[in-house]
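Below: the structure, in structure tokens.
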Amino acid sequence: MKRNVAIIGGGQTYHKARRHDVDQAELVNEAVRAALADADMTIDEIDLVLLGNMEFFEGVHMTDCWLVHGTGAYGRPGLKITTGGTVGATMVCAGIHHVASGLFDKVLCIGFEKQEEGDTGAILSGVAHPLWGRSMAGAAVGYFAMMGSSYMAAWGAKEEHSAMVAVKARQNARKNKYAHLKLDITIEDALNSRMLSYPIRMLDMCPASNGACAVILADEKTAQKRSKKPVWFRAMDTAHNEQFELDWRDVKTERPIFSKVCASRMYKKLGVTNPAEHFDVFEIYEPATWAELVWYEDLGLCGPGEGFKMIEKGMTNIDGPIPVNPSGGVLSTNCIGASAMLRIWEAALQIRGDAGEHQVPKEVRRAFTTAYGGTNWTVMTALSKTLDD
Amino acid sequence: MIKKTDEQISIPMVVDVPFEFAAGQYLSRALTELRDNGKFFGVKCPKCGRVQLPPRIVCAECHVKNEEWVELGLEGKLKAFTIMYLPLTDPTTGKPHNPPFVYGSVQLDGATSVLDHLVSMEPDLDKIWVGMRLRIILRPPQERIGDLSDILYFEPLPGQKKPA
Ligand SMILES: [Zn+2]
């Protein structure tokens, strides 16, 4: 990177199915105030405000304009970006570009969603091609169900394995005071939950949450001066995918799909040959249980077809050798526009040692995050405690 | 109408937005073939050789112009499926699909891409599997309009047995 970039502060709201106690600006402002307090800054010190959420999920457009009082963008440069489920990470990615380029020193990035105010399924159907496949569109559940059936057919995994992911996520969420679904569930509970779309059951899917996250990025000089615990971006990348192709649902595909391409470019930049050993914690974007198992494989934490064995052995538990989503992940909290930013903020909290009850019980120096959205694309980041790491 | 929720005011609204979508050169040709002749065509990339469906002007991977049109079979292989238990609304009609129903991704013979559609069969896991052969059942010619609703459904080819 041209200039090094750090996270010097962040904050999030409590995430819930219902937040009728606040309007959108009030919700966003909760996260912004938390981030400014965490960075010990005032809004006057911010050079640029970036805001992201999904188009029309709240029934309105141009949230960057009419949430100005909540975001703090009044009188200063700002942008709105929308990229689907990835949007929160795209905000951070854009923020990194703006700081690394030397144009701005302190950038506030905000992601939010108030899903209760609109019809997420109906708006998502607008993502599908009007003449080619829209009649079957409207819910992510069917997509991940096909991924699950393909995964089981390809590798011999069982429904029990997805249930293990469901349990891990919600048990971790119980340790995270901001998480939405804090459920004390067992594998039996997951296997007995209502079938939505075979093989996806209720507890295999993420909830529809309301919430916001904000992080403050700064250049090296500012970060060293202003922050006791800056967390450094060591690499970031994004990879898009092609519409109409089977890709993630064809778990044996050898095509250079988004997830594998992006991970391999990240590892190349960092000189990483064994990601499971190099990184101390992972925060990944798993809207459904099966996606988590495929991420393990696509990130190279194990070989193809071995993801379900990792969860079986408890390798990715909060106290396991490769902790994945100690926060409870997207399966426990999905406020779309904030979800991918939460992965990055949670990774930063782990490196700072500030994750509280869901802090992984080992030294965390390096963390890796993924985002997922749209017709399959991803934004990934790698964060470190020090610049020479 | 104003609804009171714990003294917090929220107002239900509906947005109904008309729009007119241009299918473009490649998709128009493919949909015309479907409507008028009951045929499916893919386009083959001159570089990577992928036969892409729906036909599109540029191969995303190679960024070269697709020019060779390839007629595809009306049969194919099931690559992934689900049995849907939710009454999902069909966004193109506003009416719900009746659950439980089966749908899946089918790779038509000759294609690299897949086509997602309903599968007409009992929602029975003993009778459906990844790899089974299916065929397309189209609407009668006079009822076709030139979009994917011209496909009624896929149905399993007779005489197949789920591998043990
Ligand atoms: Zn090509």
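Residue numbering restarts at 1 in every chain; chains get A, B, ... in the order shown in the structure tokens, and ligands count up from 1 in that same order.
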
Write out as JSON lines the residues of chain B that have any atom within 10 Å of an atom of ligand 1, one row each with the nearest atom pair and its distance in Å to one decimal, counting only C-alpha atoms and all ligand atoms, sorted by chain and then rising number.
```
{"residue": "B:Lys44", "atom": "CA", "partner": "ligand 1", "partner_atom_place_in_ligand_line": "1 (Zn)", "distance": 7.8}
{"residue": "B:Cys45", "atom": "CA", "partner": "ligand 1", "partner_atom_place_in_ligand_line": "1 (Zn)", "distance": 4.6}
{"residue": "B:Pro46", "atom": "CA", "partner": "ligand 1", "partner_atom_place_in_ligand_line": "1 (Zn)", "distance": 6.6}
{"residue": "B:Lys47", "atom": "CA", "partner": "ligand 1", "partner_atom_place_in_ligand_line": "1 (Zn)", "distance": 5.0}
{"residue": "B:Cys48", "atom": "CA", "partner": "ligand 1", "partner_atom_place_in_ligand_line": "1 (Zn)", "distance": 4.0}
{"residue": "B:Gly49", "atom": "CA", "partner": "ligand 1", "partner_atom_place_in_ligand_line": "1 (Zn)", "distance": 6.0}
{"residue": "B:Arg50", "atom": "CA", "partner": "ligand 1", "partner_atom_place_in_ligand_line": "1 (Zn)", "distance": 6.0}
{"residue": "B:Val51", "atom": "CA", "partner": "ligand 1", "partner_atom_place_in_ligand_line": "1 (Zn)", "distance": 8.8}
{"residue": "B:Gln52", "atom": "CA", "partner": "ligand 1", "partner_atom_place_in_ligand_line": "1 (Zn)", "distance": 9.1}
{"residue": "B:Val58", "atom": "CA", "partner": "ligand 1", "partner_atom_place_in_ligand_line": "1 (Zn)", "distance": 8.1}
{"residue": "B:Cys59", "atom": "CA", "partner": "ligand 1", "partner_atom_place_in_ligand_line": "1 (Zn)", "distance": 4.7}
{"residue": "B:Ala60", "atom": "CA", "partner": "ligand 1", "partner_atom_place_in_ligand_line": "1 (Zn)", "distance": 6.7}
{"residue": "B:Glu61", "atom": "CA", "partner": "ligand 1", "partner_atom_place_in_ligand_line": "1 (Zn)", "distance": 5.2}
{"residue": "B:Cys62", "atom": "CA", "partner": "ligand 1", "partner_atom_place_in_ligand_line": "1 (Zn)", "distance": 4.2}
{"residue": "B:His63", "atom": "CA", "partner": "ligand 1", "partner_atom_place_in_ligand_line": "1 (Zn)", "distance": 6.8}
{"residue": "B:Val64", "atom": "CA", "partner": "ligand 1", "partner_atom_place_in_ligand_line": "1 (Zn)", "distance": 6.8}
{"residue": "B:Lys65", "atom": "CA", "partner": "ligand 1", "partner_atom_place_in_ligand_line": "1 (Zn)", "distance": 8.7}
{"residue": "B:Asn66", "atom": "CA", "partner": "ligand 1", "partner_atom_place_in_ligand_line": "1 (Zn)", "distance": 8.0}
```

Grab the residues selected above and save them as a short mmCIF file (atom, residue, chain, number, x, y, z; two decimals), in the first residue's frame with all heavy atoms.
```cif
data_model
loop_
_atom_site.label_atom_id
_atom_site.label_comp_id
_atom_site.auth_asym_id
_atom_site.auth_seq_id
_atom_site.Cartn_x
_atom_site.Cartn_y
_atom_site.Cartn_z
N LYS B 44 -20.84 -20.10 -27.49
CA LYS B 44 -19.56 -20.71 -27.12
C LYS B 44 -18.45 -19.67 -27.20
O LYS B 44 -18.31 -18.96 -28.19
CB LYS B 44 -19.27 -21.85 -28.08
CG LYS B 44 -18.06 -22.68 -27.69
CD LYS B 44 -17.97 -23.91 -28.57
CE LYS B 44 -16.75 -24.73 -28.20
NZ LYS B 44 -16.64 -25.93 -29.04
N CYS B 45 -17.68 -19.60 -26.13
CA CYS B 45 -16.56 -18.65 -26.10
C CYS B 45 -15.43 -19.17 -26.98
O CYS B 45 -15.03 -20.33 -26.86
CB CYS B 45 -16.06 -18.48 -24.66
SG CYS B 45 -14.51 -17.56 -24.57
N PRO B 46 -14.91 -18.32 -27.89
CA PRO B 46 -13.83 -18.77 -28.78
C PRO B 46 -12.53 -19.07 -28.03
O PRO B 46 -11.66 -19.75 -28.55
CB PRO B 46 -13.64 -17.58 -29.73
CG PRO B 46 -14.19 -16.40 -29.01
CD PRO B 46 -15.28 -16.93 -28.12
N LYS B 47 -12.42 -18.57 -26.79
CA LYS B 47 -11.17 -18.75 -26.07
C LYS B 47 -11.23 -19.92 -25.08
O LYS B 47 -10.46 -20.86 -25.17
CB LYS B 47 -10.83 -17.44 -25.32
CG LYS B 47 -9.35 -17.30 -25.04
CD LYS B 47 -9.01 -15.88 -24.61
CE LYS B 47 -7.68 -15.88 -23.87
NZ LYS B 47 -7.50 -14.65 -23.12
N CYS B 48 -12.20 -19.87 -24.14
CA CYS B 48 -12.23 -20.93 -23.11
C CYS B 48 -13.17 -22.07 -23.49
O CYS B 48 -13.14 -23.13 -22.86
CB CYS B 48 -12.63 -20.35 -21.76
SG CYS B 48 -14.33 -19.78 -21.67
N GLY B 49 -14.01 -21.85 -24.51
CA GLY B 49 -14.88 -22.93 -24.98
C GLY B 49 -16.12 -23.17 -24.13
O GLY B 49 -16.89 -24.09 -24.41
N ARG B 50 -16.33 -22.35 -23.10
CA ARG B 50 -17.55 -22.54 -22.27
C ARG B 50 -18.78 -22.22 -23.10
O ARG B 50 -18.84 -21.19 -23.77
CB ARG B 50 -17.51 -21.62 -21.05
CG ARG B 50 -16.48 -22.01 -20.00
CD ARG B 50 -16.67 -21.24 -18.72
NE ARG B 50 -16.62 -19.80 -18.93
CZ ARG B 50 -17.45 -18.94 -18.35
NH1 ARG B 50 -18.40 -19.35 -17.54
NH2 ARG B 50 -17.34 -17.64 -18.58
N VAL B 51 -19.78 -23.08 -23.04
CA VAL B 51 -21.05 -22.84 -23.73
C VAL B 51 -22.01 -22.21 -22.73
O VAL B 51 -22.48 -22.87 -21.80
CB VAL B 51 -21.61 -24.14 -24.32
CG1 VAL B 51 -22.95 -23.86 -25.01
CG2 VAL B 51 -20.62 -24.74 -25.31
N GLN B 52 -22.26 -20.91 -22.90
CA GLN B 52 -22.91 -20.13 -21.86
C GLN B 52 -24.40 -19.95 -22.14
O GLN B 52 -24.82 -19.69 -23.26
CB GLN B 52 -22.21 -18.76 -21.76
CG GLN B 52 -20.76 -18.92 -21.32
CD GLN B 52 -19.88 -17.75 -21.74
OE1 GLN B 52 -20.28 -16.59 -21.69
NE2 GLN B 52 -18.67 -18.07 -22.17
N VAL B 58 -20.49 -11.16 -24.27
CA VAL B 58 -19.07 -11.26 -23.91
C VAL B 58 -18.90 -12.37 -22.88
O VAL B 58 -19.70 -12.51 -21.96
CB VAL B 58 -18.57 -9.92 -23.31
CG1 VAL B 58 -17.19 -10.05 -22.71
CG2 VAL B 58 -18.59 -8.83 -24.37
N CYS B 59 -17.83 -13.17 -23.03
CA CYS B 59 -17.49 -14.15 -22.01
C CYS B 59 -16.88 -13.40 -20.83
O CYS B 59 -15.91 -12.65 -21.00
CB CYS B 59 -16.48 -15.16 -22.54
SG CYS B 59 -15.84 -16.25 -21.25
N ALA B 60 -17.46 -13.58 -19.65
CA ALA B 60 -17.00 -12.82 -18.48
C ALA B 60 -15.56 -13.15 -18.14
O ALA B 60 -14.79 -12.28 -17.74
CB ALA B 60 -17.90 -13.11 -17.28
N GLU B 61 -15.20 -14.42 -18.29
CA GLU B 61 -13.86 -14.84 -17.90
C GLU B 61 -12.80 -14.34 -18.86
O GLU B 61 -11.72 -13.91 -18.46
CB GLU B 61 -13.81 -16.37 -17.84
CG GLU B 61 -13.66 -16.90 -16.43
CD GLU B 61 -13.61 -18.41 -16.39
OE1 GLU B 61 -12.64 -19.00 -16.89
OE2 GLU B 61 -14.55 -18.98 -15.86
N CYS B 62 -13.09 -14.40 -20.17
CA CYS B 62 -12.06 -14.10 -21.18
C CYS B 62 -12.20 -12.69 -21.75
O CYS B 62 -11.28 -12.18 -22.38
CB CYS B 62 -12.15 -15.11 -22.32
SG CYS B 62 -12.15 -16.82 -21.73
N HIS B 63 -13.36 -12.09 -21.55
CA HIS B 63 -13.67 -10.78 -22.11
C HIS B 63 -13.44 -10.70 -23.61
O HIS B 63 -12.84 -9.77 -24.15
CB HIS B 63 -12.91 -9.65 -21.38
CG HIS B 63 -13.64 -8.35 -21.46
ND1 HIS B 63 -14.79 -8.10 -20.75
CD2 HIS B 63 -13.44 -7.25 -22.21
CE1 HIS B 63 -15.24 -6.91 -21.05
NE2 HIS B 63 -14.44 -6.36 -21.94
N VAL B 64 -13.90 -11.75 -24.29
CA VAL B 64 -13.90 -11.74 -25.77
C VAL B 64 -15.34 -11.92 -26.22
O VAL B 64 -16.19 -12.40 -25.47
CB VAL B 64 -13.03 -12.88 -26.36
CG1 VAL B 64 -11.56 -12.66 -26.02
CG2 VAL B 64 -13.50 -14.25 -25.85
N LYS B 65 -15.62 -11.53 -27.46
CA LYS B 65 -16.99 -11.60 -27.97
C LYS B 65 -17.38 -13.05 -28.28
O LYS B 65 -16.63 -13.77 -28.94
CB LYS B 65 -17.12 -10.72 -29.22
CG LYS B 65 -18.57 -10.50 -29.62
CD LYS B 65 -18.69 -9.47 -30.74
CE LYS B 65 -20.18 -9.27 -31.07
NZ LYS B 65 -20.37 -8.46 -32.27
N ASN B 66 -18.52 -13.44 -27.78
CA ASN B 66 -19.06 -14.76 -28.10
C ASN B 66 -19.80 -14.67 -29.43
O ASN B 66 -20.69 -13.84 -29.59
CB ASN B 66 -20.07 -15.20 -27.02
CG ASN B 66 -19.38 -15.54 -25.70
OD1 ASN B 66 -18.30 -16.12 -25.69
ND2 ASN B 66 -20.02 -15.19 -24.60
#
```

At a cut-off of 8 Å, can you tabulate as a tab-separated table every residue of chain B near chain A together with its closest atom pair and the distance in Å to one decimal, using only C-alpha atoms and ordering rows by chain then number?
```
residue	atom	partner	partner_atom	distance
B:Thr5	CA	A:His20	CA	7.9
B:Gln8	CA	A:His20	CA	6.5
B:Ser10	CA	A:His20	CA	8.0
B:Phe21	CA	A:Pro130	CA	7.4
B:Ala23	CA	A:Leu131	CA	7.6
B:Leu53	CA	A:Phe244	CA	7.4
B:Pro54	CA	A:Trp132	CA	7.6
B:Ala60	CA	A:Glu242	CA	6.4
B:Lys79	CA	A:Ser150	CA	7.1
B:Ala80	CA	A:Met146	CA	5.1
B:Phe81	CA	A:Met146	CA	4.9
B:Thr82	CA	A:Tyr198	CA	5.2
B:Ile83	CA	A:Tyr198	CA	5.0
B:Met84	CA	A:Ser197	CA	4.2
B:Tyr85	CA	A:Leu196	CA	5.1
B:Leu86	CA	A:Leu196	CA	5.9
B:Leu88	CA	A:Gly138	CA	7.3
B:Thr89	CA	A:Gly138	CA	7.3
B:Asp90	CA	A:Ser135	CA	4.9
B:Pro91	CA	A:Ser135	CA	5.6
B:Thr92	CA	A:Ser135	CA	5.4
B:Thr93	CA	A:Ser135	CA	7.8
B:Gly104	CA	A:Met146	CA	7.2
B:Ser105	CA	A:Leu246	CA	7.7
B:Ser113	CA	A:Glu245	CA	5.4
B:Val114	CA	A:Glu245	CA	6.3
B:Leu115	CA	A:Phe244	CA	7.8
B:Asp116	CA	A:Gly133	CA	6.7
B:His117	CA	A:Met136	CA	7.0
B:Trp129	CA	A:Ala153	CA	8.0
B:Val130	CA	A:Ala153	CA	6.6
B:Asp147	CA	A:Leu131	CA	5.5
B:Leu148	CA	A:Trp132	CA	6.0
B:Ser149	CA	A:Ser135	CA	8.0
```

Resulting file, chosen residues, C-alpha atoms, as an mmCIF file, in the first residue's frame:
```cif
data_model
loop_
_atom_site.group_PDB
_atom_site.id
_atom_site.type_symbol
_atom_site.label_atom_id
_atom_site.label_comp_id
_atom_site.auth_asym_id
_atom_site.auth_seq_id
_atom_site.Cartn_x
_atom_site.Cartn_y
_atom_site.Cartn_z
ATOM 1 C CA THR B 5 -46.377 0.485 18.093
ATOM 2 C CA GLN B 8 -43.503 4.654 18.202
ATOM 3 C CA SER B 10 -44.708 3.548 11.875
ATOM 4 C CA PHE B 21 -36.627 -4.189 -19.576
ATOM 5 C CA ALA B 23 -33.483 -8.072 -23.393
ATOM 6 C CA LEU B 53 -26.611 -19.920 -21.116
ATOM 7 C CA PRO B 54 -28.359 -17.509 -21.345
ATOM 8 C CA ALA B 60 -17.004 -12.824 -18.480
ATOM 9 C CA LYS B 79 -26.450 -30.465 -10.475
ATOM 10 C CA ALA B 80 -28.102 -29.176 -7.275
ATOM 11 C CA PHE B 81 -31.644 -29.119 -5.912
ATOM 12 C CA THR B 82 -33.831 -28.201 -2.994
ATOM 13 C CA ILE B 83 -37.286 -29.060 -1.717
ATOM 14 C CA MET B 84 -38.847 -25.728 -0.815
ATOM 15 C CA TYR B 85 -41.227 -25.670 2.144
ATOM 16 C CA LEU B 86 -41.805 -21.901 2.166
ATOM 17 C CA LEU B 88 -42.191 -18.185 -1.877
ATOM 18 C CA THR B 89 -43.784 -15.462 -3.941
ATOM 19 C CA ASP B 90 -43.048 -15.592 -7.651
ATOM 20 C CA PRO B 91 -41.822 -12.015 -8.212
ATOM 21 C CA THR B 92 -42.922 -12.128 -11.852
ATOM 22 C CA THR B 93 -46.569 -12.944 -11.034
ATOM 23 C CA GLY B 104 -32.997 -27.309 -9.069
ATOM 24 C CA SER B 105 -30.120 -26.350 -11.335
ATOM 25 C CA SER B 113 -23.983 -23.164 -17.514
ATOM 26 C CA VAL B 114 -27.044 -24.341 -15.626
ATOM 27 C CA LEU B 115 -30.706 -23.437 -15.812
ATOM 28 C CA ASP B 116 -32.751 -23.118 -12.601
ATOM 29 C CA HIS B 117 -36.378 -24.201 -12.717
ATOM 30 C CA TRP B 129 -30.566 -37.005 -6.428
ATOM 31 C CA VAL B 130 -27.716 -34.919 -7.768
ATOM 32 C CA ASP B 147 -39.327 -15.762 -21.384
ATOM 33 C CA LEU B 148 -38.457 -18.581 -18.987
ATOM 34 C CA SER B 149 -42.127 -19.035 -18.106
#
```

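Atom pair atom CA of Val14 of chain B / atom CA of Phe57 of chain A: separated by 12.8 Å.
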
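The residue that comes closest to Glu58 of chain A, out of B:Ile137, B:Leu78, B:Ile9, B:Val15 and on the basis of only C-alpha atoms, is B:Val15.
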
Contact residues around segment 271-285 of chain A with only C-alpha atoms at 10 Å, ignoring same-chain residues under 6 positions, as a JSON list (two decimals) with C-alpha atoms, in the first residue's frame:
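Now in selection_6.json:
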```
[["chain", "number", "residue", "atom", "x", "y", "z"],
["A", 85, "GLY", "CA", -23.95, -8.25, 1.33],
["A", 86, "THR", "CA", -20.36, -7.17, 0.86],
["A", 263, "ALA", "CA", -8.00, -15.84, -1.15],
["A", 264, "SER", "CA", -5.06, -16.92, -3.28],
["A", 265, "ARG", "CA", -4.30, -13.32, -4.29],
["A", 291, "ALA", "CA", -21.48, -21.66, 3.39],
["A", 292, "GLU", "CA", -19.19, -21.80, 6.42],
["A", 295, "TRP", "CA", -15.45, -21.16, 3.13],
["A", 296, "TYR", "CA", -13.10, -23.42, 5.15],
["A", 299, "LEU", "CA", -9.85, -20.34, 2.14],
["A", 300, "GLY", "CA", -7.51, -23.32, 2.18],
["A", 301, "LEU", "CA", -7.97, -24.04, 5.90],
["A", 302, "CYS", "CA", -8.39, -27.66, 4.82],
["A", 316, "THR", "CA", -12.95, -23.90, 14.46],
["A", 318, "ILE", "CA", -13.69, -20.38, 19.87],
["A", 320, "GLY", "CA", -9.95, -24.47, 18.86],
["A", 321, "PRO", "CA", -6.75, -24.15, 16.84],
["A", 322, "ILE", "CA", -8.46, -22.13, 14.04],
["A", 323, "PRO", "CA", -11.27, -20.10, 15.64],
["A", 324, "VAL", "CA", -13.88, -19.04, 13.08],
["A", 325, "ASN", "CA", -16.51, -16.43, 13.94],
["A", 326, "PRO", "CA", -16.13, -16.19, 17.71],
["A", 327, "SER", "CA", -18.60, -13.28, 17.46],
["A", 328, "GLY", "CA", -21.40, -15.62, 16.38],
["A", 329, "GLY", "CA", -21.03, -14.46, 12.79],
["A", 330, "VAL", "CA", -23.69, -13.66, 10.23],
["A", 331, "LEU", "CA", -25.67, -16.73, 11.33],
["A", 334, "ASN", "CA", -27.33, -10.18, 9.79],
["A", 339, "SER", "CA", -22.61, -7.46, 8.42],
["A", 340, "ALA", "CA", -19.41, -7.39, 6.38],
["A", 342, "LEU", "CA", -18.80, -6.31, 11.58],
["A", 343, "ARG", "CA", -16.47, -9.08, 10.39],
["A", 344, "ILE", "CA", -13.64, -6.52, 10.14],
["A", 345, "TRP", "CA", -14.52, -4.73, 13.37],
["A", 346, "GLU", "CA", -14.77, -8.03, 15.26],
["A", 347, "ALA", "CA", -11.38, -9.07, 13.84],
["A", 350, "GLN", "CA", -9.81, -9.72, 18.68],
["A", 351, "ILE", "CA", -6.40, -8.25, 17.79],
["A", 360, "VAL", "CA", -10.43, -16.19, 21.75],
["A", 362, "LYS", "CA", -4.90, -17.27, 22.79],
["A", 363, "GLU", "CA", -2.71, -14.45, 21.56],
["A", 364, "VAL", "CA", -4.22, -12.85, 18.47],
["A", 365, "ARG", "CA", -1.76, -11.08, 16.21],
["A", 366, "ARG", "CA", -3.32, -11.65, 12.79],
["A", 367, "ALA", "CA", -6.89, -11.97, 11.61],
["A", 368, "PHE", "CA", -8.58, -12.65, 8.27],
["A", 369, "THR", "CA", -12.04, -11.57, 7.16],
["A", 370, "THR", "CA", -14.34, -12.32, 4.25],
["A", 371, "ALA", "CA", -17.50, -10.73, 2.93],
["A", 372, "TYR", "CA", -20.07, -12.20, 0.59],
["A", 373, "GLY", "CA", -22.78, -10.68, -1.52],
["A", 378, "THR", "CA", -16.25, -11.17, -1.97],
["A", 379, "VAL", "CA", -14.12, -8.56, -0.23],
["A", 380, "MET", "CA", -11.34, -9.89, 1.99],
["A", 381, "THR", "CA", -9.03, -8.19, 4.45],
["A", 382, "ALA", "CA", -6.03, -9.25, 6.51],
["A", 383, "LEU", "CA", -5.34, -7.37, 9.74],
["A", 384, "SER", "CA", -2.32, -7.35, 12.06]]
```

(Q) I need the alpha helix (DSSP H) residues of segment 35-120 of chain A per DSSP on the backbone, written as a PyMOL selection string. (A) chain A and resi 35-39+63-66+68-71+87-100+120

Do a neighbour search on Arg139 of chain B at 10 Å with only C-alpha atoms, toss out local chain neighbours closer than 6 positions, and write the hits as a short mmCIF file (atom, residue, chain, number, x, y, z; two decimals) with C-alpha atoms, in the first residue's frame.
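This is the output file out.cif:
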```
data_model
loop_
_atom_site.label_atom_id
_atom_site.label_comp_id
_atom_site.auth_asym_id
_atom_site.auth_seq_id
_atom_site.Cartn_x
_atom_site.Cartn_y
_atom_site.Cartn_z
CA ARG B 35 -40.83 -18.99 -28.19
CA GLY B 38 -38.98 -24.52 -28.72
CA ILE B 145 -44.36 -15.53 -24.74
CA SER B 149 -42.13 -19.03 -18.11
CA ASP B 150 -42.30 -20.81 -21.48
CA ILE B 151 -40.78 -23.71 -19.54
CA LEU B 152 -43.50 -25.38 -17.51
CA TYR B 153 -41.04 -27.50 -15.54
#
```

(Q) So that I can see what lies close to Val119 of chain B, please list as a PyMOL selection string the residues with an atom at most 6 Å from it, counting only C-alpha atoms and leaving out residues fewer than 4 positions away in the same chain. (A) chain B and resi 102-103+153-155

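Look at Leu72 of chain B: the protein and nucleic acid residues within 10 Å of it, using only C-alpha atoms and passing over chain neighbours fewer than 2 places away, are Lys39, Phe40, Phe41, Gly42, Val43, Val51, Leu53, Trp69, Val70, Leu74, Glu75, Gly76, Gln107, Leu108, Asp109, Gly110 and Ala111 of chain B.
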
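Proximity to Lys221 of chain A at 9 Å, evaluated using only C-alpha atoms and with sequence-adjacent residues fewer than 5 positions away removed, yields A:Asn4, A:Asp105, A:Arg226.
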